[in-house]
Amino acid sequence: MEVALRRMRADDIPQVIEIEKEAFSTGWVGTPFRRELNSRHTRFLVAYRTDVTDNAATSTEELPSGPADAPLWARMLTGVKSALGMGESAATDNLAGYVGIWLQGDQAHITEIAVREALRGRGIGELLIIGTLRVAYEQGLEEVTLEARVSNFVAQRLYDKYGFNEAGIRKNYYADNREDAVIMTTDPIHTGAYREKFQVLQERFLERYGEVQIEL
Ligand SMILES: CC(C)(COP(=O)(O)OP(=O)(O)OC[C@H]1O[C@@H](n2cnc3c(N)ncnc32)[C@H](O)[C@@H]1OP(=O)(O)O)[C@@H](O)C(=O)NCCC(=O)NCCS
């Protein structure tokens with residue numbers, strides 16, 4: 001399976017809602033994606049399969065790849081083409097996951113992250129976190145933060161891998177069962193130590209899953 005990352009477009013919304021419903025069936029409250037997509041304070045990224053043919057997938061072939069002698073992690077391409085002209089009219093039926101990021105003060109706050117159940121455990125969640133961190137660097141933000149259900153061991157493992165530390169508890173945070181949320185926040189991402197950690201993680205990701213196109 002080949003996957004790439006780009007900004008969410010309006011025509012992705014039906015697929016994203018499908019993924020959201022599947023992932024957050026308990027107490028599901030639909031995100032107003034259409035409104036959020038137009039906000040300057042949010043960024044939504046989608047991971048999509050490039051081994052399933054559609055216009056969005058083929059359009060990434062036009063992007064240049066990084067120099068052959070660049071470090072592996074640097075060749076995970078960050079294009080600036082964003083959604084403009086990138087198969088705008090294509091109906092996307094190949095989305096694998098998405099992440100919603102709220103750009104708030106000096107923080108990137110992950111509001112939602114989910115991967116299609118059938119495609120979990122193949123690095124897509126990791127790719128969405130890599131994309132989020134890259135957005136945070138691009139925006140000059142200081143740290144990335146989020147809340148997770150205290151029972152959500154899988155998600156916490158993923159965040160822990162990317163250097164998110166437990167920063168506190170929000171009591172009774174989730175309306176459906178009044179479950180507590182654990183707040184998880186990275187160390188300041190501009191420190192040498194964090195940059196190095198992130199670089200190593202991206203290298204490992206590439207070695208494990210192969211090169212991937214990223215457009216922020
Ligand atoms: C959390 C979620 C996004 C992870 O996505 P994913 O694509 O399955 O995760 P990846 O394959 O990229 O795995 C990355 C890391 O997550 C952790 N992880 C993933 N699946 C795991 C599992 N079954 N058990 C333990 N840890 C797991 C591991 O640390 C893994 O790294 P590793 O492969 O080096 O061990 C996905 O499980 C999901 O959509 N869950 C439902 C929605 C949700 O809970 N969102 C989070 C809300 S806070």
# chains A, B, ... in the order shown; residues from 1 in each chain; ligands from 1
call {"tool": "residues_around", "arguments": {"residues": "Glu126 (chain A)", "least_positions_apart": "3", "cutoff": "10 Å", "atoms": "only C-alpha atoms", "output": "compact mmCIF listing (two decimals) with N, CA and C atoms, in the first residue's frame"}}
result
# COMPACT_ATOMS: atom_id res chain seq x y z
N GLY A 121 -2.26 0.31 11.88
CA GLY A 121 -1.07 -0.50 12.12
C GLY A 121 -0.11 -0.53 10.94
N ARG A 122 -0.27 0.42 10.01
CA ARG A 122 0.61 0.43 8.84
C ARG A 122 1.33 1.77 8.68
N GLY A 123 1.40 2.52 9.76
CA GLY A 123 2.19 3.75 9.73
C GLY A 123 1.43 5.00 9.33
N ILE A 129 1.06 12.31 12.20
CA ILE A 129 1.78 13.04 13.26
C ILE A 129 3.00 13.75 12.66
N ILE A 130 3.68 13.09 11.74
CA ILE A 130 4.82 13.73 11.08
C ILE A 130 4.34 14.99 10.35
N GLY A 131 3.22 14.87 9.65
CA GLY A 131 2.66 16.03 8.94
C GLY A 131 2.32 17.16 9.90
N THR A 132 1.75 16.81 11.04
CA THR A 132 1.38 17.82 12.05
C THR A 132 2.63 18.55 12.56
N LEU A 158 1.43 5.99 20.32
CA LEU A 158 1.85 6.76 19.13
C LEU A 158 2.41 8.12 19.55
N TYR A 159 1.71 8.83 20.42
CA TYR A 159 2.16 10.17 20.82
C TYR A 159 3.48 10.08 21.61
N LYS A 161 5.74 7.91 21.24
CA LYS A 161 6.83 7.66 20.28
C LYS A 161 7.38 8.98 19.72
N TYR A 162 6.48 9.95 19.51
CA TYR A 162 6.89 11.24 18.95
C TYR A 162 7.18 12.29 20.02
N LEU A 201 13.25 9.81 13.81
CA LEU A 201 11.96 9.14 13.65
C LEU A 201 11.52 9.13 12.18
N GLN A 202 11.79 10.25 11.50
CA GLN A 202 11.41 10.31 10.08
C GLN A 202 12.27 9.35 9.24
N PHE A 205 10.95 5.96 9.80
CA PHE A 205 9.66 5.81 9.11
C PHE A 205 9.90 5.49 7.64
call {"tool": "residues_around", "arguments": {"residues": "Arg195 (chain A)", "least_positions_apart": "6", "cutoff": "12 Å", "atoms": "only C-alpha atoms", "output": "list in words"}}
result
Trp73, Leu133, Arg134, Tyr137, Glu142, Glu143, Tyr162, Gly163, Thr186, Asp187, Pro188, Ile189, Leu201 and Gln202 of chain A
call {"tool": "closest_residue", "arguments": {"among": "A:Ile169, A:Ala148, A:Val212, A:Ala193", "to": "ligand 1", "atoms": "only C-alpha atoms and all ligand atoms"}}
result
A:Ala148
call {"tool": "residues_around", "arguments": {"residues": "Glu166 (chain A)", "least_positions_apart": "6", "cutoff": "12 Å", "atoms": "only C-alpha atoms", "output": "mmCIF file with N, CA and C atoms, in the first residue's frame"}}
result
data_model
loop_
_atom_site.group_PDB
_atom_site.id
_atom_site.type_symbol
_atom_site.label_atom_id
_atom_site.label_comp_id
_atom_site.auth_asym_id
_atom_site.auth_seq_id
_atom_site.Cartn_x
_atom_site.Cartn_y
_atom_site.Cartn_z
ATOM 1 N N THR A 145 0.309 19.785 20.981
ATOM 2 C CA THR A 145 -0.395 19.261 22.141
ATOM 3 C C THR A 145 -1.703 18.598 21.723
ATOM 4 N N LEU A 146 -2.301 17.831 22.610
ATOM 5 C CA LEU A 146 -3.587 17.166 22.341
ATOM 6 C C LEU A 146 -4.142 16.583 23.622
ATOM 7 N N GLU A 147 -5.392 16.158 23.545
ATOM 8 C CA GLU A 147 -5.990 15.388 24.637
ATOM 9 C C GLU A 147 -6.311 13.997 24.120
ATOM 10 N N ALA A 148 -6.148 13.008 24.980
ATOM 11 C CA ALA A 148 -6.521 11.631 24.621
ATOM 12 C C ALA A 148 -7.270 11.013 25.787
ATOM 13 N N VAL A 150 -7.977 8.632 28.661
ATOM 14 C CA VAL A 150 -6.991 7.920 29.487
ATOM 15 C C VAL A 150 -6.925 6.439 29.117
ATOM 16 N N GLN A 156 -1.964 6.800 22.793
ATOM 17 C CA GLN A 156 -0.907 7.312 23.682
ATOM 18 C C GLN A 156 0.460 6.747 23.320
ATOM 19 N N ARG A 157 0.484 5.494 22.876
ATOM 20 C CA ARG A 157 1.762 4.899 22.437
ATOM 21 C C ARG A 157 2.325 5.681 21.245
ATOM 22 N N TYR A 159 1.715 8.834 20.417
ATOM 23 C CA TYR A 159 2.162 10.169 20.824
ATOM 24 C C TYR A 159 3.482 10.083 21.612
ATOM 25 N N ASP A 160 3.548 9.069 22.450
ATOM 26 C CA ASP A 160 4.764 8.875 23.239
ATOM 27 C C ASP A 160 5.971 8.673 22.309
ATOM 28 N N ALA A 181 -9.407 13.019 30.318
ATOM 29 C CA ALA A 181 -8.460 13.132 29.204
ATOM 30 C C ALA A 181 -7.071 13.358 29.767
ATOM 31 N N VAL A 182 -6.111 12.726 29.135
ATOM 32 C CA VAL A 182 -4.728 13.039 29.466
ATOM 33 C C VAL A 182 -4.243 14.066 28.443
ATOM 34 N N ILE A 183 -3.641 15.126 28.941
ATOM 35 C CA ILE A 183 -3.077 16.147 28.050
ATOM 36 C C ILE A 183 -1.657 15.701 27.718
ATOM 37 N N MET A 184 -1.339 15.639 26.446
ATOM 38 C CA MET A 184 0.020 15.243 26.060
ATOM 39 C C MET A 184 0.623 16.328 25.175
ATOM 40 N N THR A 185 1.822 16.743 25.521
ATOM 41 C CA THR A 185 2.465 17.878 24.852
ATOM 42 C C THR A 185 3.921 17.549 24.568
ATOM 43 N N THR A 186 4.382 17.978 23.417
ATOM 44 C CA THR A 186 5.801 17.755 23.095
ATOM 45 C C THR A 186 6.680 18.710 23.903
ATOM 46 N N ASP A 187 7.957 18.376 23.998
ATOM 47 C CA ASP A 187 8.935 19.370 24.441
ATOM 48 C C ASP A 187 8.983 20.444 23.358
#
call {"tool": "residues_around", "arguments": {"residues": "region 4-6 of chain A", "least_positions_apart": "3", "cutoff": "6 Å", "atoms": "only C-alpha atoms", "output": "ChimeraX atom specification"}}
result
/A:45-48,212-216
call {"tool": "closest_residue", "arguments": {"among": "A:Phe164, A:Arg49, A:Asp12, A:Trp102", "to": "Phe198 (chain A)", "atoms": "only C-alpha atoms"}}
result
A:Phe164
call {"tool": "residues_around", "arguments": {"residues": "Pro14 (chain A)", "least_positions_apart": "5", "cutoff": "12 Å", "atoms": "only C-alpha atoms", "output": "mmCIF file with C-alpha atoms, in the first residue's frame"}}
result
data_model
loop_
_atom_site.group_PDB
_atom_site.id
_atom_site.type_symbol
_atom_site.label_atom_id
_atom_site.label_comp_id
_atom_site.auth_asym_id
_atom_site.auth_seq_id
_atom_site.Cartn_x
_atom_site.Cartn_y
_atom_site.Cartn_z
ATOM 1 C CA MET A 8 -7.915 18.286 3.079
ATOM 2 C CA ARG A 9 -10.254 19.633 0.388
ATOM 3 C CA ILE A 19 -13.648 7.791 8.957
ATOM 4 C CA GLU A 20 -14.645 10.071 11.835
ATOM 5 C CA LYS A 21 -17.877 8.148 12.472
ATOM 6 C CA GLY A 30 -19.796 15.666 13.692
ATOM 7 C CA THR A 31 -17.066 18.243 13.146
ATOM 8 C CA PRO A 32 -18.236 21.163 10.952
ATOM 9 C CA PHE A 33 -15.473 20.398 8.442
ATOM 10 C CA ARG A 34 -16.699 22.777 5.752
ATOM 11 C CA ALA A 91 -13.915 12.761 -6.076
ATOM 12 C CA THR A 92 -11.627 11.091 -3.568
ATOM 13 C CA ASP A 93 -12.569 7.614 -2.565
ATOM 14 C CA ASN A 94 -9.132 6.638 -1.320
ATOM 15 C CA LEU A 95 -8.684 8.447 1.977
#
call {"tool": "atom_distance", "arguments": {"atom1": "atom 11 (O, counted along the ligand's line) of ligand 1", "atom2": "CA of Gly125 (chain A)"}}
result
5.5 Å
call {"tool": "select_by_dssp", "arguments": {"residues": "chain A", "states": "alpha helix (DSSP H)", "output": "number ranges by chain"}}
result
A: 13-23, 33-37, 55-59, 124-138, 153-161, 192-209
call {"tool": "select_by_dssp", "arguments": {"residues": "chain A", "states": "strand (DSSP E)", "output": "number ranges by chain"}}
result
A: 3-7, 42-49, 78-79, 95-104, 107-115, 143-149, 164-170, 181-186, 214-215
call {"tool": "atom_distance", "arguments": {"atom1": "atom 24 (N, counted along the ligand's line) of ligand 1", "atom2": "CA of His190 (chain A)"}}
result
29.0 Å
call {"tool": "atom_distance", "arguments": {"atom1": "atom 12 (O, counted along the ligand's line) of ligand 1", "atom2": "CA of Leu127 (chain A)"}}
result
6.5 Å
call {"tool": "residues_around", "arguments": {"residues": "Thr42 (chain A)", "least_positions_apart": "6", "cutoff": "7 Å", "atoms": "only C-alpha atoms", "output": "list in words"}}
result
Glu36, Ile101, Trp102 and Leu103 of chain A
call {"tool": "write_last_selection", "arguments": {"atoms": "C-alpha atoms", "output": "JSON list (two decimals), in the first residue's frame"}}
result
[["chain", "number", "residue", "atom", "x", "y", "z"],
["A", 36, "GLU", "CA", -13.26, 24.61, 9.69],
["A", 101, "ILE", "CA", -4.87, 20.84, 13.76],
["A", 102, "TRP", "CA", -5.83, 24.00, 15.55],
["A", 103, "LEU", "CA", -3.14, 26.69, 15.29]]
call {"tool": "closest_residue", "arguments": {"among": "A:Ser39, A:Thr26, A:Thr191, A:Gln107", "to": "ligand 1", "atoms": "only C-alpha atoms and all ligand atoms"}}
result
A:Thr26
call {"tool": "closest_residue", "arguments": {"among": "A:Glu2, A:Tyr98, A:Val115, A:Ile110", "to": "ligand 1", "atoms": "only C-alpha atoms and all ligand atoms"}}
result
A:Val115
call {"tool": "closest_residue", "arguments": {"among": "A:Ala155, A:Ala114, A:Gly192, A:Glu211", "to": "Glu18 (chain A)", "atoms": "only C-alpha atoms"}}
result
A:Ala114
call {"tool": "residues_around", "arguments": {"residues": "Gly100 (chain A)", "least_positions_apart": "2", "cutoff": "6 Å", "atoms": "only C-alpha atoms", "output": "MDAnalysis selection string"}}
result
chainID A and resid 44 110:112
